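A.B. asks: Quick one: structure below, then a few questions.
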Amino acid sequence: MNRVAFFISDGTGITAEALGHSLLAQFESINFEQITLPYIDSIEKAHQVVERINKIEQDTGSKPIVFDTIVDQSIRDIIGRAQSFKVDIFATFLSPLEQELEVHSSYTVGKSHAGGSNKSYMARIDAVNYALDNDDGARTRYYDGADVILVGVSRSGKTPTCLYMAMQFGIKAANYPLTEEDLGTMSLPESLQPHKHKIFGLTIDPERLAAIRHERRANSRYSSLNQCYYEVEEVEMLYRQEQIPFLSTTDLSVEEISTRIMMDTGLERRLG
């Protein structure tokens with residue numbers, strides 16, 4: 001079964017996407033075409049959206065699912081006239097909260113992604129810069145400043161996880177690729193040894209790793225299944241020998257990987 005889902009916002013659309021994706025993921029038997037429409041902040045844009053939704057309903061015979069975080073009431077009213085099944089996120093959740101807290105919400109565009117305090121903003125910027133500067137073992141002399149150091153074989157998910165942890169949690173995460181030469185010694189590289197207490201390992205299914213590497217360097221020893229099996233087996237053996245906590249990234253999103261690392265290491269979010 002196929003359905004179309006819209007995430008509509010007068011801001012970035014991140015809030016609508018986040019909740020919408022979580023809900024739609026519970027329906028694995030349905031293939032959703034997902035469309036994000038950010039910055040729908042005028043009457044004219046709202047009418048264009050309604051036309052687009054109605055055309056899809058006419059063409060497919062099924063109502064599109066609409067997740068919206070529109071603040072302006074006049075724009076919300078127009079979107080509400082579309083031939084769709086509408087999940088009004090603000091109305092669904094804010095109204096009951098207003099009743100419980102006995103106060104009206106500020107109902108401001110972009111409020112959920114406001115910069116917050118200057119301290120939180122700077123923590124996020126510093127963490128992102130740190131992750132970029134300390135990617136792929138580039139500057140190991142700065143590992144004293146790391147909150148966590150992710151290690152693993154090439155293409156196991158280290159870099160995107162470091163950047164996500166920086167953006168979402170303000171965590172200074174460095175990463176170091178364990179090469180075939182490192183694995184041959186069956187010991188941590190010298191530059192990592194003083195920071196062993198900060199190290200967290202990533203691993204991945206060898207066949208999945210081979211598929212990822214094939215996209216980068218097809219038909220090479222680097223992407224061969226034998227090489228991938230060798231590296232994964234060796235790195236997991238090293239983790240166990242050195243008592244380094246580790247996690248398989250095979251079936252996890254970067255959000256799940258990052259959250260699991262935060263839980264397993266006891267790291268706390270640096271952003272207010």
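Lettering and numbering for the structure tokens are positional, with chains as A, B, ... in the shown order, residues counted from 1 in each chain, and ligands counted from 1 in the shown order.
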Can you tell me, as a list in words, what residues are no more than 10 Å from Ile125 of chain A when counting only C-alpha atoms, ignoring any on the same chain fewer than 5 positions away?

C.D. replies: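 The residues that qualify are Ser120, Tyr130, Ala131, Ala166, Met167 and Gly170 of chain A.
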
A.B. asks: Restricted to C-alpha atoms, what would the selected residues look like written as a compact mmCIF listing (two decimals), in the first residue's frame?

C.D. replies:
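For reference, result_36.txt as written:
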# COMPACT_ATOMS: atom_id res chain seq x y z
CA SER A 120 23.83 26.76 24.85
CA TYR A 130 35.53 20.16 17.63
CA ALA A 131 33.93 17.24 15.77
CA ALA A 166 27.59 17.80 18.68
CA MET A 167 24.45 19.34 17.15
CA GLY A 170 26.63 19.73 22.61

A.B. asks: Might you pull out every residue within 9 Å of Leu132 of chain A, with only C-alpha atoms counted and same-chain residues fewer than 3 positions away left off, and present them as a list in words?

C.D. replies: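 Result of the neighbour search: Ala127, Val128, Asn129, Asp135, Thr159, Cys162, Leu163 and Ala174 of chain A.
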
A.B. asks: Write out as a PyMOL selection string the residues lying within 7 Å of segment 245-260 of chain A, counting only C-alpha atoms and excluding same-chain residues fewer than 5 positions away.

C.D. replies: chain A and resi 156-157+160-161+165+200-205+208+239

A.B. asks: Hey, can you spit out that residue selection with C-alpha atoms as a PDB file, in the first residue's frame?

C.D. replies:
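Saved file result_9.pdb follows:
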ATOM      1  CA  SER A 156      31.119   2.180  10.444  1.00  0.00           C
ATOM      2  CA  GLY A 157      29.293   5.451  11.164  1.00  0.00           C
ATOM      3  CA  PRO A 160      27.866  11.324  11.270  1.00  0.00           C
ATOM      4  CA  THR A 161      27.441  10.163  14.864  1.00  0.00           C
ATOM      5  CA  MET A 165      26.041  14.358  19.080  1.00  0.00           C
ATOM      6  CA  PHE A 200      33.509   3.956  22.671  1.00  0.00           C
ATOM      7  CA  GLY A 201      33.601   1.442  19.821  1.00  0.00           C
ATOM      8  CA  LEU A 202      31.351   1.086  16.790  1.00  0.00           C
ATOM      9  CA  THR A 203      30.990  -2.083  14.774  1.00  0.00           C
ATOM     10  CA  ILE A 204      28.813  -3.150  11.846  1.00  0.00           C
ATOM     11  CA  ASP A 205      27.671  -6.266  10.008  1.00  0.00           C
ATOM     12  CA  ARG A 208      26.478  -4.180   5.271  1.00  0.00           C
ATOM     13  CA  TYR A 239      37.133  -4.216  21.952  1.00  0.00           C
TER      14      TYR A 239
END

A.B. asks: Just asking: which residues within segment 53-205 of chain A are alpha helix (DSSP H) according to DSSP, as a PyMOL selection string?

C.D. replies: chain A and resi 53-60+73-79+89-101+118-133+158-169+180-185

A.B. asks: Please save C-alpha atoms of the selected residues as a tab-separated table (two decimals), in the first residue's frame.

C.D. replies:
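So out_26.tsv came out as:
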chain	number	residue	atom	x	y	z
A	53	ILE	CA	-2.78	18.12	-1.64
A	54	ASN	CA	-6.14	18.03	-3.40
A	55	LYS	CA	-4.55	17.00	-6.70
A	56	ILE	CA	-2.81	14.07	-5.01
A	57	GLU	CA	-6.12	13.02	-3.42
A	58	GLN	CA	-7.82	13.14	-6.83
A	59	ASP	CA	-4.99	11.28	-8.59
A	60	THR	CA	-4.54	8.54	-5.99
A	73	GLN	CA	-4.61	30.69	12.54
A	74	SER	CA	-5.68	32.01	9.13
A	75	ILE	CA	-3.08	29.82	7.39
A	76	ARG	CA	-4.06	26.82	9.53
A	77	ASP	CA	-7.70	27.31	8.55
A	78	ILE	CA	-6.81	27.21	4.85
A	79	ILE	CA	-4.67	24.10	5.20
A	89	ILE	CA	0.43	18.90	16.15
A	90	PHE	CA	0.01	22.17	18.04
A	91	ALA	CA	-3.73	21.80	18.53
A	92	THR	CA	-3.36	18.15	19.55
A	93	PHE	CA	-0.72	18.70	22.19
A	94	LEU	CA	-0.68	22.38	23.17
A	95	SER	CA	-4.37	22.77	24.02
A	96	PRO	CA	-4.37	20.01	26.68
A	97	LEU	CA	-1.12	21.41	28.08
A	98	GLU	CA	-2.62	24.90	28.28
A	99	GLN	CA	-5.56	23.49	30.23
A	100	GLU	CA	-3.33	21.57	32.62
A	101	LEU	CA	-0.89	24.45	33.18
A	118	ASN	CA	23.94	32.22	24.45
A	119	LYS	CA	25.73	29.60	26.55
A	120	SER	CA	23.83	26.76	24.85
A	121	TYR	CA	24.41	28.26	21.42
A	122	MET	CA	28.14	28.54	21.98
A	123	ALA	CA	28.29	24.99	23.37
A	124	ARG	CA	26.72	23.66	20.18
A	125	ILE	CA	29.05	25.67	17.93
A	126	ASP	CA	32.12	24.63	19.90
A	127	ALA	CA	31.09	20.98	19.79
A	128	VAL	CA	30.49	21.03	16.03
A	129	ASN	CA	33.83	22.71	15.39
A	130	TYR	CA	35.53	20.16	17.63
A	131	ALA	CA	33.93	17.24	15.77
A	132	LEU	CA	35.04	18.66	12.41
A	133	ASP	CA	38.57	19.41	13.60
A	158	LYS	CA	31.75	7.43	13.27
A	159	THR	CA	31.65	10.83	11.57
A	160	PRO	CA	27.87	11.32	11.27
A	161	THR	CA	27.44	10.16	14.86
A	162	CYS	CA	30.02	12.67	16.11
A	163	LEU	CA	28.32	15.51	14.26
A	164	TYR	CA	24.86	14.52	15.46
A	165	MET	CA	26.04	14.36	19.08
A	166	ALA	CA	27.59	17.80	18.68
A	167	MET	CA	24.45	19.34	17.15
A	168	GLN	CA	21.87	17.72	19.39
A	169	PHE	CA	23.68	17.31	22.69
A	180	GLU	CA	44.25	-2.90	9.22
A	181	GLU	CA	47.67	-1.94	10.60
A	182	ASP	CA	46.15	-1.05	13.99
A	183	LEU	CA	44.20	-4.29	14.10
A	184	GLY	CA	47.28	-6.32	13.26
A	185	THR	CA	48.91	-5.30	16.55

A.B. asks: Mind checking which residues fall within 9 Å of segment 216-233 of chain A, counting only C-alpha atoms, ignoring those fewer than 4 positions away in the same chain, and posting them as a list of chain:residue names?

C.D. replies: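 My list of contacting residues is A:Gly152, A:Val153, A:Leu178, A:Thr179, A:Glu180, A:Leu183, A:Thr203, A:Ile204, A:Asp205, A:Pro206, A:Glu207, A:Leu209, A:Ala210, A:Ala211, A:Ile212, A:Met237, A:Leu238.
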
A.B. asks: Those same residues - all heavy atoms - I'd like them written as a tab-separated table (two decimals), in the first residue's frame.

C.D. replies:
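Once everything was written out, this is part_9.tsv:
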chain	number	residue	atom	x	y	z
A	152	GLY	N	36.47	2.74	15.37
A	152	GLY	CA	35.85	1.69	14.57
A	152	GLY	C	36.52	1.62	13.21
A	152	GLY	O	37.33	2.49	12.86
A	153	VAL	N	36.19	0.62	12.45
A	153	VAL	CA	36.75	0.49	11.11
A	153	VAL	C	36.14	1.55	10.21
A	153	VAL	O	35.11	2.16	10.53
A	153	VAL	CB	36.49	-0.92	10.53
A	153	VAL	CG1	37.12	-1.98	11.42
A	153	VAL	CG2	35.00	-1.19	10.35
A	178	LEU	N	40.19	2.78	13.02
A	178	LEU	CA	41.11	1.68	13.28
A	178	LEU	C	41.40	0.98	11.96
A	178	LEU	O	40.51	0.39	11.35
A	178	LEU	CB	40.51	0.72	14.30
A	178	LEU	CG	40.35	1.30	15.71
A	178	LEU	CD1	39.55	0.36	16.61
A	178	LEU	CD2	41.70	1.61	16.34
A	179	THR	N	42.64	1.07	11.52
A	179	THR	CA	43.03	0.52	10.22
A	179	THR	C	43.49	-0.93	10.36
A	179	THR	O	43.63	-1.46	11.47
A	179	THR	CB	44.17	1.35	9.63
A	179	THR	OG1	45.33	1.20	10.47
A	179	THR	CG2	43.78	2.82	9.54
A	180	GLU	N	43.75	-1.53	9.22
A	180	GLU	CA	44.25	-2.90	9.22
A	180	GLU	C	45.58	-3.00	9.99
A	180	GLU	O	45.83	-3.98	10.68
A	180	GLU	CB	44.43	-3.39	7.79
A	180	GLU	CG	44.81	-4.86	7.69
A	180	GLU	CD	44.85	-5.34	6.25
A	180	GLU	OE1	44.58	-4.52	5.34
A	180	GLU	OE2	45.13	-6.53	6.04
A	183	LEU	N	44.80	-3.02	13.68
A	183	LEU	CA	44.20	-4.29	14.10
A	183	LEU	C	45.23	-5.41	14.13
A	183	LEU	O	45.11	-6.35	14.92
A	183	LEU	CB	43.05	-4.65	13.15
A	183	LEU	CG	41.89	-3.65	13.12
A	183	LEU	CD1	40.87	-4.04	12.05
A	183	LEU	CD2	41.22	-3.56	14.48
A	203	THR	N	30.78	-0.97	15.68
A	203	THR	CA	30.99	-2.08	14.77
A	203	THR	C	29.79	-2.15	13.83
A	203	THR	O	28.85	-1.37	13.95
A	203	THR	CB	31.19	-3.40	15.54
A	203	THR	OG1	31.56	-4.44	14.62
A	203	THR	CG2	29.93	-3.81	16.28
A	204	ILE	N	29.85	-3.09	12.88
A	204	ILE	CA	28.81	-3.15	11.85
A	204	ILE	C	28.85	-4.53	11.21
A	204	ILE	O	29.89	-5.20	11.19
A	204	ILE	CB	29.05	-2.05	10.78
A	204	ILE	CG1	27.89	-1.96	9.79
A	204	ILE	CG2	30.38	-2.25	10.08
A	204	ILE	CD1	27.99	-0.75	8.87
A	205	ASP	N	27.73	-4.98	10.70
A	205	ASP	CA	27.67	-6.27	10.01
A	205	ASP	C	28.59	-6.22	8.79
A	205	ASP	O	28.54	-5.26	8.00
A	205	ASP	CB	26.24	-6.55	9.56
A	205	ASP	CG	26.14	-7.83	8.77
A	205	ASP	OD1	26.16	-8.90	9.37
A	205	ASP	OD2	26.07	-7.73	7.51
A	206	PRO	N	29.45	-7.22	8.60
A	206	PRO	CA	30.42	-7.20	7.49
A	206	PRO	C	29.77	-7.04	6.12
A	206	PRO	O	30.32	-6.35	5.24
A	206	PRO	CB	31.14	-8.54	7.62
A	206	PRO	CG	31.00	-8.91	9.05
A	206	PRO	CD	29.65	-8.39	9.47
A	207	GLU	N	28.63	-7.69	5.89
A	207	GLU	CA	28.00	-7.58	4.58
A	207	GLU	C	27.45	-6.17	4.34
A	207	GLU	O	27.52	-5.65	3.21
A	207	GLU	CB	26.89	-8.62	4.46
A	207	GLU	CG	27.43	-10.05	4.49
A	207	GLU	CD	26.39	-11.09	4.14
A	207	GLU	OE1	25.28	-10.71	3.70
A	207	GLU	OE2	26.68	-12.30	4.30
A	209	LEU	N	28.77	-3.51	5.71
A	209	LEU	CA	29.98	-2.72	5.53
A	209	LEU	C	30.50	-2.82	4.10
A	209	LEU	O	30.88	-1.82	3.48
A	209	LEU	CB	31.06	-3.18	6.52
A	209	LEU	CG	32.40	-2.46	6.46
A	209	LEU	CD1	32.24	-0.98	6.77
A	209	LEU	CD2	33.39	-3.10	7.42
A	210	ALA	N	30.49	-4.03	3.56
A	210	ALA	CA	30.96	-4.24	2.18
A	210	ALA	C	30.10	-3.45	1.19
A	210	ALA	O	30.62	-2.86	0.23
A	210	ALA	CB	30.94	-5.73	1.85
A	211	ALA	N	28.80	-3.43	1.42
A	211	ALA	CA	27.89	-2.69	0.53
A	211	ALA	C	28.18	-1.19	0.59
A	211	ALA	O	28.19	-0.50	-0.44
A	211	ALA	CB	26.45	-2.97	0.92
A	212	ILE	N	28.42	-0.67	1.78
A	212	ILE	CA	28.71	0.76	1.94
A	212	ILE	C	30.04	1.10	1.27
A	212	ILE	O	30.16	2.09	0.55
A	212	ILE	CB	28.76	1.13	3.44
A	212	ILE	CG1	27.36	0.98	4.07
A	212	ILE	CG2	29.25	2.57	3.62
A	212	ILE	CD1	27.34	1.12	5.57
A	237	MET	N	37.22	-8.23	18.49
A	237	MET	CA	38.13	-8.93	19.38
A	237	MET	C	38.95	-7.93	20.20
A	237	MET	O	39.18	-8.10	21.39
A	237	MET	CB	39.07	-9.84	18.57
A	237	MET	CG	39.88	-10.82	19.41
A	237	MET	SD	40.99	-11.83	18.38
A	237	MET	CE	39.81	-12.55	17.22
A	238	LEU	N	39.37	-6.84	19.53
A	238	LEU	CA	40.13	-5.80	20.21
A	238	LEU	C	39.28	-5.13	21.29
A	238	LEU	O	39.76	-4.88	22.41
A	238	LEU	CB	40.62	-4.76	19.21
A	238	LEU	CG	41.36	-3.54	19.78
A	238	LEU	CD1	42.64	-3.98	20.49
A	238	LEU	CD2	41.68	-2.53	18.68

A.B. asks: Mind the document's chain letters and residue numbers, and return as a ChimeraX atom specification the residues of segment 127-232 of chain A that DSSP labels strand (DSSP E or B).

C.D. replies: /A:148-152,173-177,199-203

A.B. asks: Could you name the residues that touch Tyr39 of chain A at 8 Å or less, counting only C-alpha atoms, but leaving out those on the same chain fewer than 3 positions away, as a ChimeraX atom specification?

C.D. replies: /A:9-13

A.B. asks: Nearest residue to Ser42 of chain A out of A:Ala5, A:Ile70, A:Leu23, A:Ile30, using only C-alpha atoms?

C.D. replies: A:Ile70

A.B. asks: At a cut-off of 7 Å, using only C-alpha atoms, what residues contact Asp68 of chain A? Leave out same-chain residues fewer than 5 positions from it and give the result as a list in words.

C.D. replies: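 Everything that qualifies: Phe7, Ile8, Ser9, Ala16, Val87, Asp88 and Ile89 of chain A.
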
A.B. asks: Suppose we keep all heavy atoms; can you now write the selection as a short mmCIF file (atom, residue, chain, number, x, y, z; two decimals), in the first residue's frame?

C.D. replies:
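Writing the result to part.cif gives the following:
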data_model
loop_
_atom_site.label_atom_id
_atom_site.label_comp_id
_atom_site.auth_asym_id
_atom_site.auth_seq_id
_atom_site.Cartn_x
_atom_site.Cartn_y
_atom_site.Cartn_z
N PHE A 7 4.64 17.10 5.58
CA PHE A 7 5.07 17.76 6.81
C PHE A 7 5.11 19.25 6.49
O PHE A 7 5.96 19.70 5.72
CB PHE A 7 6.44 17.26 7.26
CG PHE A 7 6.54 15.76 7.33
CD1 PHE A 7 7.35 15.06 6.46
CD2 PHE A 7 5.80 15.04 8.26
CE1 PHE A 7 7.43 13.68 6.50
CE2 PHE A 7 5.86 13.65 8.32
CZ PHE A 7 6.69 12.97 7.44
N ILE A 8 4.18 20.01 7.06
CA ILE A 8 4.00 21.40 6.68
C ILE A 8 4.25 22.30 7.88
O ILE A 8 3.75 22.05 8.97
CB ILE A 8 2.57 21.63 6.13
CG1 ILE A 8 2.28 20.67 4.97
CG2 ILE A 8 2.38 23.07 5.69
CD1 ILE A 8 0.85 20.71 4.49
N SER A 9 5.01 23.38 7.64
CA SER A 9 5.34 24.28 8.73
C SER A 9 5.55 25.69 8.22
O SER A 9 5.89 25.90 7.05
CB SER A 9 6.61 23.79 9.44
OG SER A 9 7.04 24.71 10.43
N ALA A 16 7.60 19.04 12.73
CA ALA A 16 6.60 18.23 12.05
C ALA A 16 7.21 16.94 11.52
O ALA A 16 6.63 15.86 11.63
CB ALA A 16 5.97 19.02 10.90
N VAL A 87 -3.15 15.98 10.94
CA VAL A 87 -2.67 15.84 12.31
C VAL A 87 -2.11 17.20 12.71
O VAL A 87 -0.98 17.55 12.38
CB VAL A 87 -1.58 14.75 12.43
CG1 VAL A 87 -1.13 14.61 13.88
CG2 VAL A 87 -2.09 13.42 11.88
N ASP A 88 -2.93 17.98 13.40
CA ASP A 88 -2.53 19.31 13.83
C ASP A 88 -1.74 19.17 15.13
O ASP A 88 -2.31 19.00 16.20
CB ASP A 88 -3.77 20.19 14.04
CG ASP A 88 -3.41 21.64 14.32
OD1 ASP A 88 -2.33 21.89 14.88
OD2 ASP A 88 -4.23 22.52 13.98
N ILE A 89 -0.43 19.21 15.01
CA ILE A 89 0.43 18.90 16.15
C ILE A 89 0.24 19.89 17.29
O ILE A 89 0.12 19.50 18.46
CB ILE A 89 1.91 18.85 15.71
CG1 ILE A 89 2.10 17.67 14.74
CG2 ILE A 89 2.84 18.71 16.91
CD1 ILE A 89 3.46 17.61 14.10
#
